[in-house]
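Data from query.txt: compact mmCIF, C-alpha atoms and all ligand atoms
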# COMPACT_ATOMS: atom_id res chain seq x y z
CA MET P 1 -19.76 -0.68 -6.82
CA THR P 2 -16.67 -2.75 -7.58
CA ILE P 3 -13.49 -1.39 -6.05
CA ALA P 4 -10.28 -3.11 -7.11
CA VAL P 5 -6.85 -2.61 -5.61
CA TYR P 6 -3.60 -3.08 -7.55
CA PRO P 7 -0.86 -3.36 -4.93
CA GLY P 8 2.86 -3.35 -5.59
CA THR P 9 6.19 -1.72 -4.87
CA PHE P 10 6.28 0.28 -8.13
CA ASP P 11 9.98 1.14 -7.71
CA PRO P 12 9.56 2.67 -10.22
CA LEU P 13 6.37 2.48 -12.29
CA THR P 14 6.96 0.86 -15.70
CA CYS P 15 4.91 0.65 -18.90
CA GLY P 16 4.13 -2.95 -17.86
CA HIS P 17 2.42 -1.63 -14.70
CA MET P 18 0.64 1.09 -16.71
CA ASP P 19 -0.66 -1.51 -19.14
CA ILE P 20 -2.25 -3.44 -16.24
CA ILE P 21 -3.74 -0.20 -14.82
CA GLU P 22 -5.17 0.90 -18.19
CA ARG P 23 -6.66 -2.52 -18.91
CA THR P 24 -8.22 -2.84 -15.43
CA SER P 25 -9.68 0.66 -15.22
CA PRO P 26 -12.61 0.01 -17.65
CA LEU P 27 -13.49 -3.26 -15.88
CA VAL P 28 -14.18 -1.77 -12.43
CA ASP P 29 -15.91 1.24 -10.88
CA ARG P 30 -12.81 2.35 -9.02
CA LEU P 31 -9.19 1.21 -9.11
CA VAL P 32 -6.85 2.02 -6.25
CA VAL P 33 -3.15 1.64 -7.02
CA GLY P 34 -1.62 0.74 -3.65
CA ILE P 35 2.04 1.63 -3.27
CA TYR P 36 3.59 -0.68 -0.72
CA GLU P 37 6.34 0.80 1.45
CA ASN P 38 8.32 -2.49 1.17
CA PRO P 39 11.42 -1.56 3.22
CA GLY P 40 12.69 -5.14 2.74
CA LYS P 41 13.33 -4.40 -0.96
CA ARG P 42 15.30 -1.21 -0.08
CA PRO P 43 13.53 0.82 -2.79
CA LEU P 44 15.45 3.35 -4.90
CA PHE P 45 12.59 5.86 -4.67
CA SER P 46 10.93 6.87 -1.42
CA LEU P 47 7.29 6.02 -0.83
CA GLU P 48 6.28 9.63 -1.53
CA GLU P 49 8.32 9.72 -4.75
CA ARG P 50 6.76 6.47 -5.98
CA VAL P 51 3.26 7.79 -5.24
CA LYS P 52 4.01 11.01 -7.18
CA LEU P 53 5.38 9.11 -10.19
CA VAL P 54 2.21 7.00 -10.41
CA GLU P 55 -0.06 10.02 -9.82
CA GLU P 56 1.54 11.83 -12.73
CA ALA P 57 0.99 8.83 -15.01
CA ILE P 58 -2.69 8.18 -14.25
CA GLY P 59 -3.86 11.77 -14.82
CA GLY P 60 -6.23 10.84 -17.65
CA LEU P 61 -7.91 7.91 -15.89
CA ALA P 62 -10.86 9.31 -13.94
CA ASN P 63 -11.62 6.22 -11.83
CA VAL P 64 -8.04 5.50 -10.74
CA ARG P 65 -6.38 6.90 -7.61
CA VAL P 66 -3.15 6.21 -5.77
CA GLU P 67 -2.54 5.52 -2.09
CA ALA P 68 0.53 4.53 -0.11
CA PHE P 69 0.30 1.74 2.44
CA LYS P 70 2.30 -0.13 5.07
CA GLY P 71 1.54 -3.47 6.65
CA LEU P 72 -0.57 -6.32 5.31
CA THR P 73 -1.91 -5.89 1.78
CA VAL P 74 -5.26 -7.48 2.64
CA ASP P 75 -5.74 -4.99 5.51
CA PHE P 76 -5.10 -2.14 3.08
CA ILE P 77 -7.59 -3.60 0.58
CA ARG P 78 -10.23 -3.88 3.30
CA ARG P 79 -9.65 -0.27 4.40
CA ALA P 80 -10.03 0.84 0.76
CA GLY P 81 -13.35 -1.06 0.56
CA GLY P 82 -11.88 -3.33 -2.12
CA ARG P 83 -13.38 -6.66 -3.20
CA VAL P 84 -10.77 -7.53 -5.80
CA MET P 85 -6.98 -7.58 -5.78
CA ILE P 86 -5.29 -7.09 -9.15
CA ARG P 87 -1.88 -8.56 -10.01
CA GLY P 88 0.04 -8.88 -13.24
CA LEU P 89 1.64 -12.09 -14.47
CA ARG P 90 4.69 -12.26 -16.71
CA ALA P 91 6.44 -15.62 -16.53
CA ASN P 92 6.16 -18.92 -14.69
CA SER P 93 8.15 -17.45 -11.85
CA ASP P 94 5.48 -14.78 -11.28
CA PHE P 95 2.80 -17.46 -11.26
CA GLU P 96 4.41 -19.52 -8.51
CA ARG P 97 4.93 -16.51 -6.28
CA GLU P 98 1.46 -15.12 -6.92
CA PHE P 99 -0.13 -18.52 -6.32
CA GLU P 100 1.60 -18.88 -2.97
CA MET P 101 0.63 -15.35 -1.95
CA ALA P 102 -2.94 -15.82 -3.17
CA LEU P 103 -3.45 -18.88 -0.99
CA MET P 104 -2.08 -17.07 2.05
CA ASN P 105 -4.21 -13.99 1.34
CA ARG P 106 -7.31 -16.13 0.91
CA LYS P 107 -6.67 -17.62 4.34
CA LEU P 108 -6.30 -14.10 5.81
CA ALA P 109 -9.17 -12.49 3.89
CA PRO P 110 -11.47 -15.00 2.14
CA GLU P 111 -13.82 -12.23 0.95
CA ILE P 112 -11.16 -10.69 -1.32
CA GLU P 113 -10.89 -12.22 -4.80
CA LEU P 114 -7.68 -12.21 -6.81
CA LEU P 115 -7.71 -11.25 -10.46
CA CYS P 116 -4.49 -11.78 -12.43
CA LEU P 117 -3.98 -10.15 -15.81
CA MET P 118 -1.46 -11.61 -18.23
CA THR P 119 1.18 -9.17 -19.35
CA SER P 120 0.96 -7.79 -22.87
CA SER P 121 3.69 -9.52 -24.90
CA GLN P 122 5.71 -6.32 -25.45
CA TYR P 123 6.13 -5.94 -21.68
CA GLN P 124 6.83 -9.50 -20.64
CA PHE P 125 10.54 -8.85 -20.15
CA LEU P 126 9.97 -5.65 -18.16
CA SER P 127 10.59 -5.42 -14.44
CA SER P 128 11.38 -2.47 -12.20
CA SER P 129 14.65 -4.09 -11.14
CA LEU P 130 15.83 -4.57 -14.73
CA ILE P 131 14.83 -0.99 -15.53
CA LYS P 132 16.97 0.26 -12.63
CA GLU P 133 19.97 -1.72 -13.85
CA VAL P 134 19.64 -0.36 -17.39
CA ALA P 135 19.14 3.19 -16.07
CA LYS P 136 22.20 2.89 -13.84
CA LEU P 137 24.30 2.00 -16.87
CA GLY P 138 22.86 4.86 -18.92
CA GLY P 139 20.78 2.69 -21.30
CA CYS P 140 17.82 3.99 -23.31
CA LEU P 141 14.44 3.40 -21.60
CA ASP P 142 12.16 4.57 -24.45
CA GLY P 143 8.85 2.68 -24.46
CA MET P 144 9.68 0.92 -21.20
CA VAL P 145 8.79 3.59 -18.64
CA PRO P 146 6.72 6.80 -18.94
CA ASP P 147 8.87 9.82 -19.88
CA HIS P 148 8.69 11.44 -16.43
CA VAL P 149 9.88 8.19 -14.83
CA ALA P 150 12.84 8.05 -17.24
CA ILE P 151 13.75 11.61 -16.19
CA ALA P 152 13.47 10.73 -12.48
CA LEU P 153 15.73 7.70 -12.99
CA LYS P 154 18.27 9.73 -14.90
CA GLN P 155 18.34 12.37 -12.15
CA ARG P 156 18.67 9.76 -9.42
CA PHE P 157 21.56 7.97 -11.07
CA SER P 158 23.40 11.07 -12.24
CA ALA P 159 23.28 12.32 -8.64
CA ALA P 160 24.73 8.98 -7.51
CA ILE P 161 27.46 9.09 -10.18
CA GLY P 162 28.27 12.67 -9.15
CA LEU P 163 28.62 11.66 -5.50
CA ALA P 164 30.88 8.73 -6.40
CA ALA P 165 33.06 10.97 -8.61
CA GLY P 166 33.32 13.50 -5.77
CA LYS P 167 34.47 10.78 -3.38
CA ASP P 168 37.12 9.60 -5.87
CA GLU P 169 38.50 13.11 -6.13
CA GLN P 170 38.93 13.44 -2.36
P1 LIG Z 201 5.82 -6.43 -6.02
O1 LIG Z 201 6.98 -6.11 -5.12
O2 LIG Z 201 4.50 -6.51 -5.28
O3 LIG Z 201 6.05 -7.60 -6.93
P2 LIG Z 201 6.06 -4.79 -8.40
O4 LIG Z 201 5.98 -3.30 -8.50
O5 LIG Z 201 7.32 -5.44 -8.80
O6 LIG Z 201 5.66 -5.11 -6.90
O7 LIG Z 201 4.87 -5.42 -9.24
C1 LIG Z 201 3.52 -5.13 -8.96
C2 LIG Z 201 2.64 -6.04 -9.80
O8 LIG Z 201 2.81 -5.73 -11.17
C3 LIG Z 201 2.95 -7.54 -9.67
O9 LIG Z 201 1.74 -8.26 -9.74
C4 LIG Z 201 3.82 -7.82 -10.88
O10 LIG Z 201 3.76 -9.17 -11.27
C5 LIG Z 201 3.14 -6.90 -11.89
N1 LIG Z 201 4.05 -6.55 -12.99
C6 LIG Z 201 5.29 -6.03 -12.90
N2 LIG Z 201 5.82 -5.84 -14.13
C7 LIG Z 201 4.89 -6.24 -15.01
C8 LIG Z 201 4.84 -6.35 -16.45
N3 LIG Z 201 5.88 -6.01 -17.21
N4 LIG Z 201 3.70 -6.84 -17.02
C9 LIG Z 201 2.68 -7.22 -16.24
N5 LIG Z 201 2.65 -7.17 -14.90
C10 LIG Z 201 3.75 -6.70 -14.29
Show me this structure written as structure tokens.
Ligand code: ADP
Amino acid sequence: MTIAVYPGTFDPLTCGHMDIIERTSPLVDRLVVGIYENPGKRPLFSLEERVKLVEEAIGGLANVRVEAFKGLTVDFIRRAGGRVMIRGLRANSDFEREFEMALMNRKLAPEIELLCLMTSSQYQFLSSSLIKEVAKLGGCLDGMVPDHVAIALKQRFSAAIGLAAGKDEQ
């Protein structure tokens, strides 16, 4: 049984992430999407919120499940019984970072193999950080994030705008 783990921050899930999940799911027996706490990145959504957003998106994929994790990614993959780590590649910059991480991970856990999927061309410009910037400025996110993620972003930023407006009035 091949268990693969797709780890990431997913703050929030984008259509680029979903594309990687949907393309990996038929290749393996089970795919675990691992949501990394990643306090260093100061995520916009809490760990629980990020898990829920991914859970809602993968409803139709029977062999995919979601789990949150803290600590070393390779330790999480081992706990999940994974043999393969999945990552997505967009540009050269992704490659350099992934290459560096892959070599470190191989040192830490030589039994785990890395499988990188190239982004689909329509998603190559997509990143969670860019999505957050566009959402903050009220831009249209159609086709870039699942609908429920767009709603969550809108709610998060309208709450922030409301708070800021309230402060100005004081
Ligand atoms: P991390 O903090 O681990 O980079 P991300 O949520 O930003 O977490 O990304 C998780 C994985 O998904 C990474 O391998 C990243 O390269 C990949 N990824 C992100 N956006 C895209 C995209 N548009 N197309 C393909 N892969 C992507």
Dump as CSV the rows for residues of chain P within 7 Å of ligand LIG 201 (chain Z): closest atom pair and distance in Å with one decimal, all atoms listed in the file counted, ordered by chain and rising residue number.
residue,atom,partner,partner_atom,distance
P:Pro7,CA,Z:LIG201,C1,6.2
P:Gly8,CA,Z:LIG201,O6,3.6
P:Thr9,CA,Z:LIG201,O4,4.0
P:Phe10,CA,Z:LIG201,O4,3.6
P:Asp11,CA,Z:LIG201,O4,6.0
P:Leu13,CA,Z:LIG201,O4,6.9
P:Thr14,CA,Z:LIG201,N2,7.0
P:Cys15,CA,Z:LIG201,N3,6.9
P:Gly16,CA,Z:LIG201,N3,3.6
P:His17,CA,Z:LIG201,C7,5.2
P:Ile20,CA,Z:LIG201,C9,6.2
P:Arg87,CA,Z:LIG201,O9,3.6
P:Gly88,CA,Z:LIG201,N5,3.5
P:Leu89,CA,Z:LIG201,O10,4.8
P:Arg90,CA,Z:LIG201,C9,5.4
P:Asp94,CA,Z:LIG201,O10,5.9
P:Met118,CA,Z:LIG201,C9,6.4
P:Thr119,CA,Z:LIG201,C9,4.0
P:Ser120,CA,Z:LIG201,N4,6.5
P:Tyr123,CA,Z:LIG201,N3,4.5
P:Gln124,CA,Z:LIG201,N3,5.0
P:Phe125,CA,Z:LIG201,N3,6.2
P:Leu126,CA,Z:LIG201,N3,4.2
P:Ser127,CA,Z:LIG201,N2,4.8
P:Ser128,CA,Z:LIG201,O5,6.1
Practice task
Please indicate the distance in Å from CA of Glu67 (chain P) to CA of Val32 (chain P), rounded to one decimal place.
Solution key: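 Distance reported for this atom pair: 6.9 Å.
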Practice task
Mind giving me the straight-line distance from CA of Thr73 (chain P) to CA of Asn38 (chain P) in Å, one decimal?
Solution key: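 For CA of Thr73 (chain P) relative to CA of Asn38 (chain P), the distance reads 10.8 Å.
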Practice task
Between P:Arg156, P:Arg83, P:Arg50, P:Arg78, single out the one closest to Glu37 (chain P), counting only C-alpha atoms.
Solution key: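 Using only C-alpha atoms, Glu37 (chain P) sits closest to P:Arg50.
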Problem - Point-to-point distance from CA of Gly71 (chain P) to CA of Thr2 (chain P), Å rounded to tenths - result: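 Going from CA of Gly71 (chain P) over to CA of Thr2 (chain P) covers 23.1 Å.
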Completion exercise
Closest of P:Ile35, P:Ile131, P:Leu115, P:Ala62 to Glu49 (chain P), counting all atoms listed in the file, is P:Ile35
